[in-house]
Amino acid sequence: MRGGARSTTLTPALSRKREREEYDRRMDRHPVAASSAEARRAFYERIGALGMTPLWEVLGALVPPQPTSPVAPALWRYDTVREHVMEAGRLITAEEAERRVLILENPALRGQSCITQSLYAGLQLILPGEVAPAHRHTQSALRLVLDGEGAYTAVDGERTTMRYGDFIITPSWTFHDHGNDGTEPVVWLDGLDIPLVRFLDAGFAEKSAAKSQAATRPEGDALARYGMGLVPMDLQQQPHEPTRVFVYPFAKTREALLGISKAEVDPHHGFKLRFVNPATGRSPMPTIGTFAQRLPKGFATRPAKSSDSSVHVCLEGGGTATIGEKVFEFGRRDIFVVPSWQPLSLAAREDSVLFSFSDRPVQQVLGLWREQRLD
Ligand code: GTQ
């Protein structure tokens, strides 16, 4: 250990060195526990004035052993919310609202316009004859058509007719407008990465000069060109680029899910597939992962946890979702949210098809995503 100090005449520098050594020796014998709660509080106040705060008071919360999501499990029953969505149609026009949407706010995150920490969801209504004017933004969006027929979404100069269960994307910074040339109100679920883009302070938006985009490509062009296992000769997409296929028709998704149902079922996920950009094999959009899942009647998944909070929509059938300690009954068109790292198990009362989305591709490119399969 250190030798004792004997000399009495010291230069100021040497004296400071000895003082420091003596201090260190004392601290070795009497660790900081000696300081009172009051002394600490006073210290925190002094350093607080300098824009500092002690890590040790918050370390456990900052780097928890596992995710402790503030997101609450929740379910929105479509039959309950539908009349309110329709009432919004009597209060404001699509044009005045720009987008006539009722936001689905996570009950534990009220006032933040989000359903999970990174994702936004809302129910959008468009009445016959209405137009939601063209705009674009850096936020990526998905639509899942839930009610009514005859509406369209135009993306980058191409319209697509919205049919029940269709999954439509509007990639970052592409102009899009919605319209309804039919005779029924049409409602779809919007899913956007609004909270994530807000967190990054990377949001830009602008309105188009034209209310509706002029059609520059015939309907079905993108699906034929990019969505049939073929791509244009010179197409070279970067990994982060969104898919040029902007509609994934429900009829095709169902066909795929039924097609794999003759093979072995995954005990934790049933028959589940992820949507991809066919040109890259990656997620259709870089920030939002999208999935389709079939659960045969009577099938119950074993519980699994994953680090991506997820939003699920029942498109066919119904059953029970057990999320942590909570149990929700769901039916067609119902929407529920599962927080990060809470065990989810699904039991199908009837043959069921579910759509879901999450920030999984973001977590995966960052090397953060984890899943734990339980039994
Ligand atoms: O349809 O463009 O629910 O810009 C929120 C923001 C929908 C849209 C939303 C939007 C849109």
# chains A, B, ... in the order shown; residues from 1 in each chain; ligands from 1
call {"tool": "closest_atom_pairs", "arguments": {"of": "chain A", "to": "ligand 1", "cutoff": "6 Å", "atoms": "only C-alpha atoms and all ligand atoms", "output": "Markdown table"}}
result
| residue | atom | partner | partner_atom_place_in_ligand_line | distance |
| --- | --- | --- | --- | --- |
| A:Arg99 | CA | ligand 1 | 7 (C) | 5.9 |
| A:Val101 | CA | ligand 1 | 3 (O) | 5.6 |
| A:Gly122 | CA | ligand 1 | 3 (O) | 5.2 |
| A:Asp190 | CA | ligand 1 | 3 (O) | 5.0 |
call {"tool": "residues_around", "arguments": {"residues": "Phe291 in chain A", "least_positions_apart": "3", "cutoff": "12 Å", "atoms": "only C-alpha atoms", "output": "VMD selection string"}}
result
chain A and resid 144 167 248 253 257 269 271 to 276 283 to 284 288 294 310 to 314 353 to 361
call {"tool": "write_last_selection", "arguments": {"atoms": "N, CA, C and O atoms", "output": "short mmCIF file (atom, residue, chain, number, x, y, z; two decimals), in the first residue's frame"}}
result
data_model
loop_
_atom_site.label_atom_id
_atom_site.label_comp_id
_atom_site.auth_asym_id
_atom_site.auth_seq_id
_atom_site.Cartn_x
_atom_site.Cartn_y
_atom_site.Cartn_z
N LEU A 144 -54.99 -0.42 -44.10
CA LEU A 144 -55.60 -1.74 -44.12
C LEU A 144 -57.10 -1.52 -44.22
O LEU A 144 -57.71 -0.95 -43.30
N PHE A 167 -53.88 -4.44 -48.14
CA PHE A 167 -52.81 -3.73 -47.42
C PHE A 167 -52.12 -2.85 -48.47
O PHE A 167 -51.60 -3.34 -49.47
N TYR A 248 -50.95 -4.88 -51.60
CA TYR A 248 -50.87 -6.32 -51.38
C TYR A 248 -52.31 -6.78 -51.19
O TYR A 248 -52.85 -6.71 -50.09
N THR A 253 -52.97 -12.57 -50.27
CA THR A 253 -52.45 -12.89 -48.93
C THR A 253 -53.14 -14.14 -48.38
O THR A 253 -52.49 -15.06 -47.86
N LEU A 257 -51.59 -17.79 -47.31
CA LEU A 257 -51.76 -18.37 -45.97
C LEU A 257 -52.42 -19.74 -46.04
O LEU A 257 -52.05 -20.66 -45.31
N HIS A 269 -46.66 -19.26 -33.66
CA HIS A 269 -47.20 -18.22 -34.55
C HIS A 269 -48.28 -18.71 -35.52
O HIS A 269 -48.80 -17.91 -36.28
N PHE A 271 -49.70 -20.12 -38.85
CA PHE A 271 -49.17 -19.96 -40.21
C PHE A 271 -48.95 -18.47 -40.42
O PHE A 271 -49.90 -17.73 -40.64
N LYS A 272 -47.71 -18.06 -40.33
CA LYS A 272 -47.44 -16.61 -40.34
C LYS A 272 -46.36 -16.29 -41.37
O LYS A 272 -45.35 -16.98 -41.45
N LEU A 273 -46.61 -15.26 -42.12
CA LEU A 273 -45.66 -14.80 -43.15
C LEU A 273 -45.44 -13.31 -42.97
O LEU A 273 -46.30 -12.60 -42.45
N ARG A 274 -44.28 -12.85 -43.46
CA ARG A 274 -44.06 -11.39 -43.43
C ARG A 274 -44.17 -10.86 -44.86
O ARG A 274 -43.75 -11.53 -45.81
N PHE A 275 -44.72 -9.68 -44.98
CA PHE A 275 -44.78 -9.02 -46.29
C PHE A 275 -43.38 -8.54 -46.65
O PHE A 275 -42.63 -8.12 -45.77
N VAL A 276 -43.03 -8.61 -47.94
CA VAL A 276 -41.72 -8.13 -48.37
C VAL A 276 -41.82 -7.26 -49.62
O VAL A 276 -42.79 -7.34 -50.38
N SER A 283 -38.42 -5.67 -45.69
CA SER A 283 -39.74 -5.12 -45.36
C SER A 283 -40.20 -4.15 -46.45
O SER A 283 -39.39 -3.42 -47.02
N PRO A 284 -41.50 -4.12 -46.75
CA PRO A 284 -42.01 -3.19 -47.77
C PRO A 284 -41.62 -1.74 -47.49
O PRO A 284 -41.39 -0.97 -48.41
N ILE A 288 -41.57 0.11 -40.95
CA ILE A 288 -42.73 -0.65 -40.45
C ILE A 288 -42.72 -2.04 -41.05
O ILE A 288 -42.76 -2.19 -42.28
N ARG A 294 -52.42 -16.89 -40.18
CA ARG A 294 -53.66 -17.68 -40.17
C ARG A 294 -53.61 -18.65 -39.01
O ARG A 294 -52.59 -19.31 -38.78
N SER A 310 -46.47 -4.43 -31.01
CA SER A 310 -47.13 -4.67 -32.30
C SER A 310 -48.61 -4.38 -32.25
O SER A 310 -49.25 -4.47 -31.20
N VAL A 311 -49.14 -4.04 -33.43
CA VAL A 311 -50.57 -3.75 -33.59
C VAL A 311 -51.16 -4.86 -34.45
O VAL A 311 -50.60 -5.18 -35.51
N HIS A 312 -52.26 -5.45 -33.99
CA HIS A 312 -52.86 -6.59 -34.69
C HIS A 312 -54.29 -6.25 -35.10
O HIS A 312 -55.00 -5.59 -34.35
N VAL A 313 -54.67 -6.73 -36.27
CA VAL A 313 -56.02 -6.50 -36.76
C VAL A 313 -56.59 -7.84 -37.19
O VAL A 313 -55.96 -8.57 -37.97
N CYS A 314 -57.78 -8.15 -36.69
CA CYS A 314 -58.43 -9.40 -37.09
C CYS A 314 -59.20 -9.15 -38.39
O CYS A 314 -60.08 -8.30 -38.44
N VAL A 353 -57.79 -14.97 -39.64
CA VAL A 353 -56.67 -14.33 -40.33
C VAL A 353 -56.40 -12.99 -39.64
O VAL A 353 -57.33 -12.20 -39.43
N LEU A 354 -55.15 -12.77 -39.28
CA LEU A 354 -54.77 -11.52 -38.64
C LEU A 354 -53.67 -10.82 -39.44
O LEU A 354 -52.80 -11.48 -40.01
N PHE A 355 -53.75 -9.52 -39.46
CA PHE A 355 -52.71 -8.66 -40.02
C PHE A 355 -52.03 -8.01 -38.82
O PHE A 355 -52.69 -7.67 -37.84
N SER A 356 -50.72 -7.79 -38.89
CA SER A 356 -50.07 -7.05 -37.81
C SER A 356 -48.92 -6.22 -38.33
O SER A 356 -48.40 -6.48 -39.44
N PHE A 357 -48.55 -5.21 -37.56
CA PHE A 357 -47.41 -4.37 -37.94
C PHE A 357 -46.67 -3.89 -36.70
O PHE A 357 -47.23 -3.82 -35.60
N SER A 358 -45.38 -3.58 -36.91
CA SER A 358 -44.53 -3.17 -35.80
C SER A 358 -43.27 -2.50 -36.36
O SER A 358 -43.07 -2.45 -37.58
N ASP A 359 -42.40 -2.06 -35.45
CA ASP A 359 -41.13 -1.44 -35.88
C ASP A 359 -40.00 -2.47 -36.00
O ASP A 359 -38.82 -2.12 -35.96
N ARG A 360 -40.35 -3.73 -36.16
CA ARG A 360 -39.35 -4.80 -36.19
C ARG A 360 -38.19 -4.55 -37.16
O ARG A 360 -37.03 -4.76 -36.79
N PRO A 361 -38.45 -4.09 -38.42
CA PRO A 361 -37.30 -3.90 -39.32
C PRO A 361 -36.30 -2.85 -38.81
O PRO A 361 -35.10 -2.96 -39.10
#
call {"tool": "atom_distance", "arguments": {"atom1": "CA of Pro242 in chain A", "atom2": "CA of Arg282 in chain A"}}
result
8.7 Å
call {"tool": "residues_around", "arguments": {"residues": "Arg225 in chain A", "least_positions_apart": "4", "cutoff": "12 Å", "atoms": "only C-alpha atoms", "output": "short mmCIF file (atom, residue, chain, number, x, y, z; two decimals) with N, CA and C atoms, in the first residue's frame"}}
result
data_model
loop_
_atom_site.label_atom_id
_atom_site.label_comp_id
_atom_site.auth_asym_id
_atom_site.auth_seq_id
_atom_site.Cartn_x
_atom_site.Cartn_y
_atom_site.Cartn_z
N ARG A 217 -50.08 6.41 -64.52
CA ARG A 217 -49.95 4.99 -64.83
C ARG A 217 -51.32 4.34 -64.67
N PRO A 218 -51.64 3.33 -65.48
CA PRO A 218 -52.93 2.67 -65.32
C PRO A 218 -52.98 1.84 -64.03
N GLU A 219 -54.19 1.67 -63.50
CA GLU A 219 -54.33 0.87 -62.28
C GLU A 219 -53.81 -0.55 -62.51
N GLY A 220 -53.05 -1.05 -61.56
CA GLY A 220 -52.50 -2.41 -61.65
C GLY A 220 -51.10 -2.45 -62.22
N ASP A 221 -50.61 -1.30 -62.71
CA ASP A 221 -49.29 -1.29 -63.34
C ASP A 221 -48.18 -1.72 -62.38
N GLY A 229 -43.18 -11.57 -58.95
CA GLY A 229 -41.94 -12.34 -59.01
C GLY A 229 -41.06 -11.94 -60.18
N LEU A 230 -41.36 -10.79 -60.76
CA LEU A 230 -40.59 -10.23 -61.88
C LEU A 230 -40.35 -8.77 -61.56
N VAL A 231 -39.26 -8.22 -62.06
CA VAL A 231 -39.04 -6.78 -61.92
C VAL A 231 -38.47 -6.24 -63.23
N PRO A 232 -38.59 -4.94 -63.46
CA PRO A 232 -38.03 -4.36 -64.67
C PRO A 232 -36.53 -4.69 -64.80
N MET A 233 -36.07 -4.83 -66.03
CA MET A 233 -34.70 -5.26 -66.33
C MET A 233 -33.64 -4.45 -65.58
N ASP A 234 -33.89 -3.14 -65.46
CA ASP A 234 -32.83 -2.28 -64.90
C ASP A 234 -33.07 -1.89 -63.44
N LEU A 235 -34.02 -2.54 -62.78
CA LEU A 235 -34.32 -2.14 -61.39
C LEU A 235 -33.20 -2.58 -60.44
N THR A 243 -40.85 -0.72 -51.22
CA THR A 243 -41.32 -1.49 -52.36
C THR A 243 -42.06 -0.59 -53.36
N ARG A 244 -41.92 -0.93 -54.64
CA ARG A 244 -42.71 -0.24 -55.68
C ARG A 244 -44.10 -0.86 -55.79
N VAL A 245 -44.25 -2.07 -55.22
CA VAL A 245 -45.59 -2.67 -55.12
C VAL A 245 -46.28 -1.94 -53.99
N PHE A 246 -47.33 -1.22 -54.27
CA PHE A 246 -47.92 -0.48 -53.14
C PHE A 246 -49.26 -1.04 -52.71
N PRO A 278 -40.63 -7.37 -52.99
CA PRO A 278 -40.14 -8.53 -53.75
C PRO A 278 -38.79 -8.29 -54.44
N ALA A 279 -38.40 -7.03 -54.59
CA ALA A 279 -37.13 -6.75 -55.25
C ALA A 279 -35.94 -6.87 -54.31
#
call {"tool": "residues_around", "arguments": {"residues": "Pro185 in chain A", "least_positions_apart": "5", "cutoff": "9 Å", "atoms": "only C-alpha atoms", "output": "CSV table (one decimal) with N, CA and C atoms, in the first residue's frame"}}
result
chain,number,residue,atom,x,y,z
A,86,MET,N,-68.3,7.3,-38.0
A,86,MET,CA,-69.3,7.8,-38.9
A,86,MET,C,-69.8,9.2,-38.5
A,89,GLY,N,-67.9,11.9,-39.8
A,89,GLY,CA,-68.3,12.2,-41.1
A,89,GLY,C,-69.4,13.3,-41.2
A,125,LEU,N,-61.9,7.8,-42.5
A,125,LEU,CA,-63.2,7.7,-43.2
A,125,LEU,C,-63.2,8.6,-44.4
A,126,ILE,N,-63.7,8.0,-45.5
A,126,ILE,CA,-64.0,8.8,-46.7
A,126,ILE,C,-65.3,8.5,-47.2
A,127,LEU,N,-66.1,9.5,-47.4
A,127,LEU,CA,-67.5,9.4,-47.8
A,127,LEU,C,-67.6,9.4,-49.3
A,128,PRO,N,-68.7,8.9,-49.9
A,128,PRO,CA,-68.9,8.9,-51.3
A,128,PRO,C,-68.7,10.4,-51.9
A,147,ASP,N,-63.7,-1.4,-44.0
A,147,ASP,CA,-65.2,-1.3,-44.1
A,147,ASP,C,-65.6,-0.5,-45.4
A,148,GLY,N,-66.5,-1.1,-46.1
A,148,GLY,CA,-67.0,-0.4,-47.3
A,148,GLY,C,-66.1,-0.7,-48.5
A,149,GLU,N,-66.7,-0.3,-49.7
A,149,GLU,CA,-65.9,-0.5,-51.0
A,149,GLU,C,-66.1,0.7,-51.8
A,150,GLY,N,-65.2,0.9,-52.8
A,150,GLY,CA,-65.4,1.9,-53.8
A,150,GLY,C,-64.5,3.1,-53.6
A,151,ALA,N,-63.6,3.1,-52.6
A,151,ALA,CA,-62.7,4.1,-52.5
A,151,ALA,C,-61.4,3.7,-53.2
A,180,ASN,N,-63.3,8.7,-53.0
A,180,ASN,CA,-64.4,7.7,-52.9
A,180,ASN,C,-65.3,7.9,-54.1
call {"tool": "closest_residue", "arguments": {"among": "A:Thr93, A:Thr322, A:Ser352, A:Ser261", "to": "Arg302 in chain A", "atoms": "only C-alpha atoms"}}
result
A:Thr322
call {"tool": "select_by_dssp", "arguments": {"residues": "range 274-373 of chain A", "states": "helix (DSSP H, G or I)", "output": "PyMOL selection string"}}
result
chain A and resi 360-365
call {"tool": "write_last_selection", "arguments": {"atoms": "C-alpha atoms", "output": "PDB file, in the first residue's frame"}}
result
ATOM      1  CA  ARG A 360     -39.349  -4.797 -36.193  1.00  0.00           C
ATOM      2  CA  PRO A 361     -37.302  -3.897 -39.316  1.00  0.00           C
ATOM      3  CA  VAL A 362     -35.862  -0.882 -37.487  1.00  0.00           C
ATOM      4  CA  GLN A 363     -34.859  -3.012 -34.529  1.00  0.00           C
ATOM      5  CA  GLN A 364     -33.414  -5.644 -36.851  1.00  0.00           C
ATOM      6  CA  VAL A 365     -31.148  -3.311 -38.812  1.00  0.00           C
TER       7      VAL A 365
END
call {"tool": "closest_residue", "arguments": {"among": "A:Leu91, A:Leu374, A:Ala154, A:Val145", "to": "Ser306 in chain A", "atoms": "only C-alpha atoms"}}
result
A:Leu374
